[in-house]
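K.L.:
I'm passing along coords.csv; it holds CSV, C-alpha atoms.
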```csv
chain,number,residue,atom,x,y,z
X,1,MET,CA,-42.6,-6.1,26.6
X,2,ARG,CA,-40.7,-7.1,23.4
X,3,THR,CA,-37.5,-7.4,25.4
X,4,LYS,CA,-39.1,-9.5,28.1
X,5,LEU,CA,-40.6,-11.9,25.5
X,6,ALA,CA,-37.2,-12.1,23.6
X,7,ARG,CA,-35.6,-13.1,26.9
X,8,LEU,CA,-37.8,-16.2,27.0
X,9,PHE,CA,-36.0,-17.6,23.9
X,10,PRO,CA,-32.4,-18.1,22.9
X,11,ALA,CA,-30.7,-14.9,21.7
X,12,GLY,CA,-31.4,-14.3,18.1
X,13,TRP,CA,-34.2,-16.9,17.9
X,14,PRO,CA,-37.1,-15.6,15.7
X,15,TRP,CA,-39.5,-15.5,18.7
X,16,GLN,CA,-42.0,-13.3,17.0
X,17,ARG,CA,-42.5,-16.0,14.3
X,18,THR,CA,-42.7,-18.7,17.0
X,19,LEU,CA,-45.4,-16.7,18.8
X,20,THR,CA,-47.3,-16.0,15.6
X,21,CYS,CA,-47.2,-19.7,14.6
X,22,GLY,CA,-48.2,-20.6,18.2
X,23,GLY,CA,-51.1,-18.1,18.2
X,24,GLY,CA,-52.2,-19.4,14.7
X,25,ALA,CA,-52.1,-23.0,15.9
X,26,LEU,CA,-54.2,-22.1,19.0
X,27,LEU,CA,-56.8,-20.2,16.9
X,28,VAL,CA,-57.1,-23.2,14.4
X,29,SER,CA,-57.3,-25.6,17.4
X,30,TRP,CA,-60.0,-23.5,19.0
X,31,CYS,CA,-62.0,-23.3,15.7
X,32,VAL,CA,-61.7,-27.0,15.1
X,33,ALA,CA,-62.9,-27.8,18.7
X,34,VAL,CA,-65.9,-25.4,18.5
X,35,PHE,CA,-67.0,-26.3,14.9
X,36,HIS,CA,-66.5,-30.0,15.6
X,37,PHE,CA,-68.8,-29.6,18.6
X,38,LEU,CA,-71.3,-27.5,16.7
X,39,PHE,CA,-71.4,-30.1,13.9
X,40,PHE,CA,-72.4,-32.9,16.4
X,41,CYS,CA,-74.8,-30.5,18.2
X,42,ASN,CA,-76.6,-29.8,15.0
X,43,GLN,CA,-76.9,-33.6,14.3
X,44,VAL,CA,-78.5,-34.1,17.7
X,45,ARG,CA,-80.9,-31.2,17.1
X,46,GLU,CA,-81.8,-32.7,13.7
X,47,ASN,CA,-82.4,-36.1,15.4
X,48,LEU,CA,-84.6,-34.5,18.0
X,49,ARG,CA,-86.6,-32.8,15.3
X,50,TYR,CA,-87.3,-35.8,13.1
X,51,PHE,CA,-87.2,-38.8,15.4
X,52,SER,CA,-89.5,-39.2,18.4
X,53,GLY,CA,-87.6,-40.6,21.4
X,54,GLY,CA,-84.4,-39.0,20.3
X,55,TYR,CA,-82.0,-38.1,23.1
X,56,VAL,CA,-79.2,-35.8,23.9
X,57,PRO,CA,-75.9,-37.5,24.9
X,58,PRO,CA,-73.8,-36.2,27.8
X,59,PHE,CA,-71.6,-33.3,26.9
X,60,ALA,CA,-68.4,-35.3,27.0
X,61,GLN,CA,-69.7,-37.8,24.5
X,62,LEU,CA,-70.8,-35.0,22.2
X,63,PHE,CA,-67.6,-33.0,22.5
X,64,GLY,CA,-65.7,-36.2,21.6
X,65,ARG,CA,-62.2,-35.7,20.3
X,66,GLY,CA,-62.5,-31.9,19.9
X,67,LEU,CA,-59.2,-31.2,21.6
X,68,PHE,CA,-57.3,-33.2,19.0
X,69,CYS,CA,-55.7,-30.1,17.5
X,70,PHE,CA,-54.8,-28.8,20.9
X,71,TRP,CA,-53.0,-32.0,21.7
X,72,ILE,CA,-51.0,-31.7,18.4
X,73,THR,CA,-50.1,-28.1,19.3
X,74,ALA,CA,-49.0,-29.2,22.8
X,75,LEU,CA,-46.9,-32.0,21.4
X,76,CYS,CA,-45.1,-29.5,19.1
X,77,VAL,CA,-44.6,-27.1,22.0
X,78,VAL,CA,-43.1,-30.0,24.1
X,79,LEU,CA,-40.6,-30.7,21.3
X,80,LEU,CA,-39.7,-27.0,20.9
X,81,PRO,CA,-37.0,-27.0,23.7
X,82,LEU,CA,-35.0,-29.5,21.7
X,83,PHE,CA,-34.9,-27.2,18.7
X,84,LEU,CA,-34.1,-24.2,20.9
X,85,TYR,CA,-31.2,-26.1,22.4
X,86,LEU,CA,-29.9,-27.2,18.9
X,87,TRP,CA,-30.2,-23.6,17.8
X,88,HIS,CA,-26.9,-23.0,19.8
X,89,TRP,CA,-25.1,-25.1,17.2
X,90,GLN,CA,-26.6,-23.3,14.1
X,91,GLY,CA,-24.0,-21.3,12.2
X,92,SER,CA,-21.7,-21.0,15.2
X,93,LYS,CA,-21.1,-22.6,18.6
X,94,SER,CA,-23.0,-20.1,20.8
X,95,ILE,CA,-23.3,-23.0,23.2
X,96,TYR,CA,-19.8,-22.2,24.3
X,97,LEU,CA,-20.9,-18.7,25.3
X,98,MET,CA,-24.1,-20.0,27.0
X,99,ARG,CA,-22.1,-22.6,28.9
X,100,ARG,CA,-19.6,-20.1,30.3
X,101,LEU,CA,-22.1,-17.6,31.5
X,102,PRO,CA,-21.9,-16.7,35.2
X,103,ARG,CA,-25.7,-17.5,35.4
X,104,ARG,CA,-25.6,-21.2,34.6
X,105,SER,CA,-29.4,-21.5,34.4
X,106,GLU,CA,-29.6,-19.0,31.5
X,107,LEU,CA,-29.2,-21.7,28.8
X,108,TRP,CA,-32.0,-23.8,30.3
X,109,ARG,CA,-34.1,-20.8,31.1
X,110,ARG,CA,-34.0,-19.7,27.5
X,111,CYS,CA,-34.7,-23.2,26.2
X,112,LEU,CA,-37.6,-23.9,28.5
X,113,ALA,CA,-39.3,-20.6,29.4
X,114,GLY,CA,-40.8,-19.8,26.0
X,115,PRO,CA,-42.2,-23.4,25.4
X,116,ALA,CA,-43.5,-23.4,29.0
X,117,MET,CA,-45.4,-20.2,28.4
X,118,LEU,CA,-46.8,-21.6,25.1
X,119,LEU,CA,-47.8,-24.8,26.8
X,120,VAL,CA,-49.7,-22.9,29.5
X,121,LEU,CA,-51.4,-20.8,26.8
X,122,THR,CA,-52.3,-24.0,25.0
X,123,LEU,CA,-53.9,-25.5,28.1
X,124,LEU,CA,-55.7,-22.3,28.8
X,125,ALA,CA,-57.1,-22.1,25.3
X,126,ALA,CA,-58.1,-25.7,25.4
X,127,ALA,CA,-59.9,-25.1,28.7
X,128,LEU,CA,-61.6,-22.0,27.3
X,129,SER,CA,-62.8,-23.9,24.3
X,130,VAL,CA,-64.3,-26.6,26.5
X,131,LEU,CA,-66.0,-24.0,28.6
X,132,PHE,CA,-67.4,-22.2,25.5
X,133,CYS,CA,-68.7,-25.5,24.2
X,134,MET,CA,-70.4,-26.2,27.5
X,135,MET,CA,-72.2,-22.9,27.2
X,136,LEU,CA,-73.2,-23.8,23.7
X,137,TYR,CA,-74.4,-27.2,24.9
X,138,GLN,CA,-76.8,-25.5,27.4
X,139,ALA,CA,-77.9,-22.8,25.1
X,140,LEU,CA,-78.5,-24.8,21.9
X,141,LEU,CA,-80.0,-28.0,23.2
X,142,PRO,CA,-83.5,-28.2,24.8
X,143,ALA,CA,-83.2,-28.4,28.5
X,144,ASP,CA,-85.9,-31.1,28.8
X,145,CYS,CA,-84.0,-33.4,26.5
X,146,LEU,CA,-80.7,-33.2,28.4
X,147,PRO,CA,-79.6,-36.4,30.3
X,148,GLU,CA,-79.8,-36.7,34.0
X,149,ASP,CA,-76.1,-35.9,34.5
X,150,PRO,CA,-75.1,-33.9,31.4
X,151,TRP,CA,-71.5,-33.4,32.6
X,152,ALA,CA,-70.7,-37.0,33.3
X,153,GLY,CA,-67.3,-38.1,32.2
X,154,ILE,CA,-66.1,-34.6,31.5
X,155,GLY,CA,-62.7,-35.3,32.9
X,156,GLY,CA,-62.2,-37.9,30.2
X,157,ILE,CA,-62.2,-35.2,27.5
X,158,LEU,CA,-58.6,-34.5,28.2
X,159,CYS,CA,-57.7,-38.1,27.5
X,160,TRP,CA,-59.6,-38.5,24.3
X,161,PHE,CA,-57.7,-38.3,21.1
P,1,MET,CA,-2.8,-16.5,38.4
P,2,LEU,CA,-4.3,-19.3,36.3
P,3,VAL,CA,-2.7,-22.6,37.3
P,4,LEU,CA,-3.1,-25.9,35.5
P,5,SER,CA,-1.8,-28.9,37.5
P,6,ASP,CA,-1.5,-32.3,35.8
P,7,VAL,CA,-4.5,-31.7,33.5
P,8,LYS,CA,-5.4,-34.8,31.6
P,9,LYS,CA,-8.2,-35.3,29.1
P,10,THR,CA,-9.1,-38.6,27.3
P,11,TYR,CA,-12.0,-38.6,24.8
P,12,ARG,CA,-14.5,-41.4,24.8
P,13,GLN,CA,-13.0,-43.1,21.8
P,14,GLY,CA,-9.8,-43.4,23.8
P,15,THR,CA,-7.8,-40.6,22.3
P,16,GLN,CA,-5.6,-38.9,25.0
P,17,ALA,CA,-5.7,-35.2,24.1
P,18,LEU,CA,-3.9,-34.0,27.2
P,19,ALA,CA,-1.5,-36.2,29.1
P,20,GLY,CA,-0.7,-34.2,32.2
P,21,VAL,CA,-0.3,-30.5,31.4
P,22,ASN,CA,1.3,-28.2,34.0
P,23,LEU,CA,1.2,-24.6,33.2
P,24,SER,CA,0.7,-21.3,35.0
P,25,LEU,CA,-0.2,-17.9,33.5
P,26,GLY,CA,0.4,-14.8,35.4
P,27,PRO,CA,-1.4,-11.4,35.2
P,28,GLY,CA,-0.4,-9.3,32.2
P,29,GLU,CA,1.3,-12.1,30.2
P,30,ILE,CA,0.8,-12.5,26.5
P,31,VAL,CA,1.4,-16.2,25.9
P,32,GLY,CA,1.5,-17.9,22.5
P,33,LEU,CA,0.3,-21.5,22.6
P,34,PHE,CA,1.8,-23.5,19.8
P,35,GLY,CA,1.7,-27.1,18.6
P,36,GLU,CA,0.9,-29.3,15.7
P,37,ASN,CA,-2.7,-30.2,14.8
P,38,GLY,CA,-4.0,-32.5,17.5
P,39,ALA,CA,-1.4,-31.4,20.0
P,40,GLY,CA,-4.2,-30.5,22.4
P,41,LYS,CA,-4.4,-26.7,22.2
P,42,THR,CA,-8.1,-26.4,21.7
P,43,THR,CA,-8.8,-29.1,24.3
P,44,LEU,CA,-6.7,-27.3,26.8
P,45,MET,CA,-8.6,-24.1,26.4
P,46,LYS,CA,-12.0,-25.9,26.6
P,47,CYS,CA,-10.8,-27.6,29.8
P,48,ILE,CA,-9.9,-24.2,31.3
P,49,LEU,CA,-13.3,-22.9,30.4
P,50,GLY,CA,-15.1,-25.9,31.8
P,51,LEU,CA,-16.5,-26.9,28.5
P,52,LEU,CA,-14.9,-30.3,28.8
P,53,ARG,CA,-14.5,-32.6,31.7
P,54,TYR,CA,-10.9,-33.3,32.7
P,55,GLU,CA,-8.7,-34.9,35.3
P,56,GLY,CA,-6.4,-32.7,37.3
P,57,GLU,CA,-6.8,-29.3,38.7
P,58,ILE,CA,-7.3,-25.8,37.2
P,59,THR,CA,-7.4,-22.9,39.6
P,60,LEU,CA,-7.8,-19.1,39.2
P,61,ASP,CA,-6.1,-17.3,42.0
P,62,GLY,CA,-6.2,-20.4,44.0
P,63,ALA,CA,-9.9,-21.1,43.5
P,64,PRO,CA,-11.5,-23.6,41.2
P,65,ILE,CA,-13.2,-22.2,38.2
P,66,THR,CA,-16.9,-21.9,38.9
P,67,PRO,CA,-19.8,-19.7,37.9
P,68,LYS,CA,-18.6,-17.2,40.5
P,69,ASN,CA,-15.3,-16.5,38.8
P,70,ILE,CA,-15.9,-17.7,35.2
P,71,ALA,CA,-16.6,-14.1,34.1
P,72,ARG,CA,-12.8,-13.5,34.6
P,73,LEU,CA,-12.2,-15.7,31.5
P,74,SER,CA,-13.2,-14.9,28.0
P,75,PHE,CA,-12.9,-17.0,24.8
P,76,ALA,CA,-12.5,-16.2,21.2
P,77,THR,CA,-12.6,-19.3,19.0
P,78,CYS,CA,-12.3,-19.9,15.2
P,79,GLU,CA,-15.5,-22.0,15.6
P,80,HIS,CA,-17.2,-18.7,16.8
P,81,SER,CA,-19.4,-18.4,19.8
P,82,PHE,CA,-21.6,-15.5,18.9
P,83,PHE,CA,-25.3,-15.7,17.9
P,84,PRO,CA,-25.4,-15.5,14.1
P,85,ALA,CA,-29.0,-14.2,14.0
P,86,LEU,CA,-28.3,-11.4,16.6
P,87,THR,CA,-27.0,-7.9,15.7
P,88,ALA,CA,-23.8,-6.6,17.1
P,89,ALA,CA,-25.8,-4.2,19.3
P,90,GLY,CA,-27.8,-7.2,20.5
P,91,HIS,CA,-24.6,-8.9,21.5
P,92,ARG,CA,-23.5,-5.8,23.3
P,93,ASP,CA,-26.7,-5.8,25.3
P,94,PHE,CA,-26.5,-9.5,26.0
P,95,TYR,CA,-22.9,-9.2,27.3
P,96,ARG,CA,-23.7,-6.2,29.4
P,97,GLU,CA,-26.5,-8.1,31.0
P,98,HIS,CA,-24.3,-11.1,31.8
P,99,PHE,CA,-20.9,-9.6,32.4
P,100,PRO,CA,-21.0,-6.7,34.7
P,101,THR,CA,-17.4,-5.7,33.8
P,102,PHE,CA,-18.2,-5.4,30.1
P,103,ARG,CA,-16.1,-2.7,28.5
P,104,ASN,CA,-18.5,-0.5,26.6
P,105,LYS,CA,-15.9,2.0,25.5
P,106,ARG,CA,-13.6,-0.7,24.2
P,107,PHE,CA,-16.4,-2.4,22.3
P,108,ALA,CA,-17.4,0.9,20.7
P,109,ALA,CA,-13.9,1.8,19.8
P,110,LEU,CA,-13.1,-1.6,18.3
P,111,MET,CA,-16.3,-1.7,16.3
P,112,ASP,CA,-15.5,1.7,15.0
P,113,PHE,CA,-11.9,0.7,14.2
P,114,PHE,CA,-12.9,-2.3,12.2
P,115,GLN,CA,-15.9,-0.5,10.7
P,116,LEU,CA,-18.3,-3.2,11.7
P,117,PRO,CA,-22.0,-2.3,11.5
P,118,LEU,CA,-23.9,-2.3,14.8
P,119,ASN,CA,-27.4,-3.1,13.5
P,120,LYS,CA,-26.7,-5.9,11.1
P,121,THR,CA,-27.0,-9.6,12.1
P,122,ILE,CA,-23.6,-11.3,12.4
P,123,ARG,CA,-24.6,-13.9,9.8
P,124,SER,CA,-24.4,-11.1,7.2
P,125,PHE,CA,-20.8,-10.4,8.1
P,126,SER,CA,-17.9,-11.6,5.9
P,127,ALA,CA,-15.7,-14.4,7.3
P,128,GLY,CA,-13.0,-11.9,8.3
P,129,GLN,CA,-15.6,-9.6,10.0
P,130,LYS,CA,-17.0,-12.6,11.9
P,131,ASN,CA,-13.5,-13.3,13.3
P,132,GLN,CA,-13.0,-9.7,14.2
P,133,PHE,CA,-16.3,-9.6,16.0
P,134,GLU,CA,-15.5,-12.8,17.9
P,135,VAL,CA,-12.3,-11.2,19.1
P,136,ILE,CA,-13.9,-7.9,19.9
P,137,LEU,CA,-16.4,-9.7,22.2
P,138,ALA,CA,-13.7,-11.6,24.0
P,139,LEU,CA,-11.7,-8.4,24.5
P,140,SER,CA,-14.7,-6.3,25.6
P,141,GLN,CA,-16.1,-8.8,28.1
P,142,GLY,CA,-14.0,-7.4,30.8
P,143,ALA,CA,-12.2,-10.6,31.5
P,144,ASP,CA,-8.7,-10.8,33.1
P,145,TYR,CA,-7.7,-13.9,31.1
P,146,ILE,CA,-8.5,-13.9,27.4
P,147,LEU,CA,-8.2,-17.2,25.6
P,148,MET,CA,-8.0,-17.1,21.9
P,149,ASP,CA,-8.1,-20.2,19.8
P,150,GLU,CA,-6.8,-19.4,16.3
P,151,PRO,CA,-8.9,-16.3,16.2
P,152,PHE,CA,-7.5,-15.0,12.9
P,153,ALA,CA,-8.0,-18.1,10.7
P,154,GLY,CA,-9.4,-16.7,7.5
P,155,ASN,CA,-8.3,-13.1,8.0
P,156,ASP,CA,-5.9,-11.4,5.6
P,157,ILE,CA,-2.5,-10.3,6.7
P,158,PHE,CA,-3.4,-6.6,6.9
P,159,ASN,CA,-6.3,-7.4,9.2
P,160,ARG,CA,-4.1,-9.5,11.4
P,161,GLU,CA,-1.3,-6.9,11.6
P,162,ASP,CA,-3.9,-4.3,12.6
P,163,PHE,CA,-5.2,-6.5,15.3
P,164,TYR,CA,-1.9,-7.2,16.9
P,165,LYS,CA,-1.2,-3.5,17.0
P,166,VAL,CA,-4.6,-2.6,18.4
P,167,LEU,CA,-4.3,-5.4,21.0
P,168,LEU,CA,-0.9,-4.2,22.2
P,169,GLY,CA,-2.4,-0.7,22.4
P,170,ILE,CA,-5.5,-1.4,24.3
P,171,LEU,CA,-4.5,-4.2,26.7
P,172,GLU,CA,-4.3,-3.2,30.4
P,173,PRO,CA,-1.4,-4.4,32.6
P,174,ASN,CA,-3.6,-7.0,34.4
P,175,GLU,CA,-5.0,-8.6,31.2
P,176,THR,CA,-3.5,-11.9,30.2
P,177,ILE,CA,-3.8,-13.4,26.7
P,178,LEU,CA,-3.4,-17.0,25.8
P,179,LEU,CA,-3.2,-17.1,22.1
P,180,SER,CA,-3.3,-20.4,20.2
P,181,THR,CA,-2.1,-20.0,16.6
P,182,HIS,CA,0.0,-21.6,13.9
P,183,LEU,CA,1.2,-18.1,12.7
P,184,LEU,CA,4.5,-18.3,14.6
P,185,GLU,CA,6.5,-15.7,12.8
P,186,GLU,CA,3.6,-13.3,12.8
P,187,VAL,CA,3.1,-13.3,16.5
P,188,GLN,CA,6.7,-13.6,17.7
P,189,HIS,CA,7.0,-9.9,18.3
P,190,PHE,CA,3.6,-9.7,19.9
P,191,ILE,CA,3.9,-12.4,22.5
P,192,GLY,CA,6.1,-12.4,25.6
P,193,ARG,CA,6.2,-16.1,26.2
P,194,ALA,CA,5.9,-19.2,24.0
P,195,VAL,CA,4.4,-22.5,25.3
P,196,LEU,CA,4.7,-25.5,23.0
P,197,LEU,CA,2.4,-28.4,23.3
P,198,HIS,CA,3.3,-31.8,21.8
P,199,GLN,CA,1.2,-34.9,22.2
P,200,GLY,CA,-0.7,-33.5,25.1
P,201,VAL,CA,2.1,-32.3,27.2
P,202,VAL,CA,4.0,-29.0,27.5
P,203,ALA,CA,7.1,-29.7,25.4
P,204,GLY,CA,8.6,-26.2,25.7
P,205,ASP,CA,8.0,-23.0,27.7
P,206,MET,CA,10.2,-20.0,27.1
P,207,THR,CA,9.9,-16.2,27.2
P,208,THR,CA,10.7,-14.4,24.0
P,209,SER,CA,13.3,-12.3,25.8
P,210,GLN,CA,15.1,-15.5,26.7
P,211,LEU,CA,15.0,-16.5,23.1
P,212,GLU,CA,16.4,-13.1,22.1
P,213,ASP,CA,19.2,-13.4,24.6
P,214,GLU,CA,20.1,-16.7,23.1
P,215,GLY,CA,19.9,-15.3,19.6
P,216,ARG,CA,17.3,-17.7,18.5
P,217,SER,CA,14.0,-17.1,16.7
P,218,LEU,CA,10.7,-18.5,17.8
P,219,MET,CA,10.7,-20.7,14.6
P,220,ASP,CA,14.2,-22.1,15.5
P,221,TYR,CA,13.0,-22.9,19.0
P,222,VAL,CA,9.9,-24.7,17.7
P,223,LYS,CA,11.8,-26.7,15.2
P,224,GLU,CA,14.3,-27.7,17.9
P,225,ILE,CA,11.6,-28.8,20.2
P,226,TYR,CA,9.8,-30.8,17.6
P,227,HIS,CA,13.0,-32.2,16.2
P,228,TYR,CA,12.2,-30.9,12.8
P,229,GLN,CA,14.2,-32.6,10.1
P,230,SER,CA,15.1,-29.8,7.7
P,231,ASP,CA,16.3,-32.3,5.0
P,232,ARG,CA,13.1,-34.2,4.9
P,233,VAL,CA,11.7,-32.3,1.9
P,234,SER,CA,14.8,-32.9,-0.2
P,235,ARG,CA,14.9,-36.6,0.8
P,236,ALA,CA,11.3,-37.0,-0.2
P,237,LEU,CA,11.9,-35.2,-3.5
P,238,ASP,CA,15.0,-37.4,-4.1
P,239,GLN,CA,12.9,-40.5,-3.4
P,240,LEU,CA,10.2,-39.4,-5.8
P,241,THR,CA,12.7,-38.6,-8.5
P,242,ASP,CA,14.3,-42.0,-8.2
P,243,GLN,CA,10.9,-43.7,-8.5
P,244,LYS,CA,10.2,-41.8,-11.7
P,245,GLU,CA,13.5,-43.0,-13.2
```
Output the file's structure in the form of structure tokens.
P.N.:
Amino acid sequence: MRTKLARLFPAGWPWQRTLTCGGGALLVSWCVAVFHFLFFCNQVRENLRYFSGGYVPPFAQLFGRGLFCFWITALCVVLLPLFLYLWHWQGSKSIYLMRRLPRRSELWRRCLAGPAMLLVLTLLAAALSVLFCMMLYQALLPADCLPEDPWAGIGGILCWF
Amino acid sequence: MLVLSDVKKTYRQGTQALAGVNLSLGPGEIVGLFGENGAGKTTLMKCILGLLRYEGEITLDGAPITPKNIARLSFATCEHSFFPALTAAGHRDFYREHFPTFRNKRFAALMDFFQLPLNKTIRSFSAGQKNQFEVILALSQGADYILMDEPFAGNDIFNREDFYKVLLGILEPNETILLSTHLLEEVQHFIGRAVLLHQGVVAGDMTTSQLEDEGRSLMDYVKEIYHYQSDRVSRALDQLTDQKE
């Protein structure tokens, strides 16, 4: 497993540290998304408790910009291939070796495969956090106060910064 | 046979590094590539390896150099082409994966001879050890044509001497070496042929046995080709002395 993961990054690249940082960023992003949502959920519950005629906004409105940290993580991951490519000039010109390998795609594979994997994980974690918050939305808010279409505009979540 | 026909290279800023090089290297030759700084030695090697675009034609046994036959060429450069953060054992595994003809036995023997640690990252090696490791990789790749661009820059004389001896001892009859260096006198007994580059063209090409037959040293030959003015130092000193007076 270790060897397979190492092969997704340039030879000698500290991939363990990259994966640890990536995992940490995803955890923080997940927590930010969920706690951000819980904060607004709590506000709605307070409003319902103290004000008559209070209403529950659709999920998308309540979730707001909860994916903000995921977007920042994704942006970093998208820029990572550039650093991986420049790595081949650090301390030596290993780019010479990479460019004369019989398997020409090896250089690009090692620059792109790791970031691609991290990007997929970021999107998955973001989708999971949205799903988790949807479950919280249904579990925490009174069903009779929910709007007619609680999931209206859910596709727009991805575009909200 | 590695054949270069009318190879030209002009850099973007307009500098012509190679102005039509014609050269052929046969199997088993040990060729010294000499020339002043900027003569085009490094550019020539990079063109052969496809690291630079060029005009002209370079063929290996009649076929252009492509990913199919690139493994028949290896390269040791003073700029180094290893991965500094990878261990020697990691390099061995990387080379084994990409070069099916990798010579495990030779790699182990050379690592042992130069007493280089297998499990330390290359960045922790001394400058001399890094050069040694670069050459070890080039020799162990299993290539037929081994290009070396000033591989011993920074190594002490004892290290270099050892290397020449080891090289002569381990090379197989079909292995060709193209060695670019400024250490003329040191390599003259090691090489079989001297190619002189001057301003991007081959200015001289002679076997060392021809030189021996003519009773000339490699240094004499180089000086002759480059029209070296032996009195230029004394003239310069005279001029300087006059100025002082």
K.L.:
Using all atoms listed in the file, find which residues of chain P lie within 7 Å of chain X and jot them down as a list in words.
P.N.:
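For chain P, the answer reads Leu49, Pro67, Lys68, Ile70, Ala71, Glu79, His80, Ser81, Phe82, Phe83, Pro84, Ala85, Leu86 and His98 of chain P.
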K.L.:
Let me see the file: selected residues, C-alpha atoms, as a PDB file, keeping the file's coordinate frame.
P.N.:
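To be explicit, this is the file written out as selection.pdb:
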```
ATOM      1  CA  LEU P  49     -13.300 -22.900  30.400  1.00  0.00           C
ATOM      2  CA  PRO P  67     -19.800 -19.700  37.900  1.00  0.00           C
ATOM      3  CA  LYS P  68     -18.600 -17.200  40.500  1.00  0.00           C
ATOM      4  CA  ILE P  70     -15.900 -17.700  35.200  1.00  0.00           C
ATOM      5  CA  ALA P  71     -16.600 -14.100  34.100  1.00  0.00           C
ATOM      6  CA  GLU P  79     -15.500 -22.000  15.600  1.00  0.00           C
ATOM      7  CA  HIS P  80     -17.200 -18.700  16.800  1.00  0.00           C
ATOM      8  CA  SER P  81     -19.400 -18.400  19.800  1.00  0.00           C
ATOM      9  CA  PHE P  82     -21.600 -15.500  18.900  1.00  0.00           C
ATOM     10  CA  PHE P  83     -25.300 -15.700  17.900  1.00  0.00           C
ATOM     11  CA  PRO P  84     -25.400 -15.500  14.100  1.00  0.00           C
ATOM     12  CA  ALA P  85     -29.000 -14.200  14.000  1.00  0.00           C
ATOM     13  CA  LEU P  86     -28.300 -11.400  16.600  1.00  0.00           C
ATOM     14  CA  HIS P  98     -24.300 -11.100  31.800  1.00  0.00           C
TER      15      HIS P  98
END
```
K.L.:
For the atom pair atom CA of P:Gly14 and atom CA of P:Glu150, what is the interatomic distance in Å to one decimal place?
P.N.:
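So the answer is 25.3 Å.
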K.L.:
Residues near P:Gln129, anyone? I mean within 10 Å using all atoms listed in the file, not counting same-chain ones fewer than 5 positions away, as a list of chain:residue names.
P.N.:
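Result of the neighbour search: P:Phe114, P:Gln115, P:Leu116, P:Pro117, P:Ile122, P:Arg123, P:Ser124, P:Glu134, P:Val135, P:Gly154, P:Asn155, P:Asn159.
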K.L.:
For P:Gly200, find every residue with an atom within 10 Å (counting all atoms listed in the file), except residues of its own chain fewer than 6 positions away, and show them as a PDB file with C-alpha atoms, in the coordinates of the input.
P.N.:
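Output contents, as saved in selection-v5.pdb:
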```
ATOM      1  CA  VAL P   7      -4.500 -31.700  33.500  1.00  0.00           C
ATOM      2  CA  LYS P   8      -5.400 -34.800  31.600  1.00  0.00           C
ATOM      3  CA  LYS P   9      -8.200 -35.300  29.100  1.00  0.00           C
ATOM      4  CA  GLN P  16      -5.600 -38.900  25.000  1.00  0.00           C
ATOM      5  CA  ALA P  17      -5.700 -35.200  24.100  1.00  0.00           C
ATOM      6  CA  LEU P  18      -3.900 -34.000  27.200  1.00  0.00           C
ATOM      7  CA  ALA P  19      -1.500 -36.200  29.100  1.00  0.00           C
ATOM      8  CA  GLY P  20      -0.700 -34.200  32.200  1.00  0.00           C
ATOM      9  CA  VAL P  21      -0.300 -30.500  31.400  1.00  0.00           C
ATOM     10  CA  GLY P  35       1.700 -27.100  18.600  1.00  0.00           C
ATOM     11  CA  GLY P  38      -4.000 -32.500  17.500  1.00  0.00           C
ATOM     12  CA  ALA P  39      -1.400 -31.400  20.000  1.00  0.00           C
ATOM     13  CA  GLY P  40      -4.200 -30.500  22.400  1.00  0.00           C
ATOM     14  CA  LYS P  41      -4.400 -26.700  22.200  1.00  0.00           C
ATOM     15  CA  THR P  43      -8.800 -29.100  24.300  1.00  0.00           C
ATOM     16  CA  LEU P  44      -6.700 -27.300  26.800  1.00  0.00           C
TER      17      LEU P  44
END
```
K.L.:
Can you work out the spacing between atom CA of P:Thr87 and atom CA of X:Leu8 in Å, to one decimal?
P.N.:
17.7 Å
K.L.:
Could you check the closest approach to P:Leu178 for each of P:Ala143, P:Leu118, P:Val233, P:Ile191 and tell me which residue wins, using all atoms listed in the file?
P.N.:
P:Ile191
K.L.:
If we count all atoms listed in the file, what is near P:Asp205 at a cut-off of 8 Å, once residues fewer than 4 positions away on the same chain are taken out, given as a PyMOL selection string?
P.N.:
chain P and resi 193-196
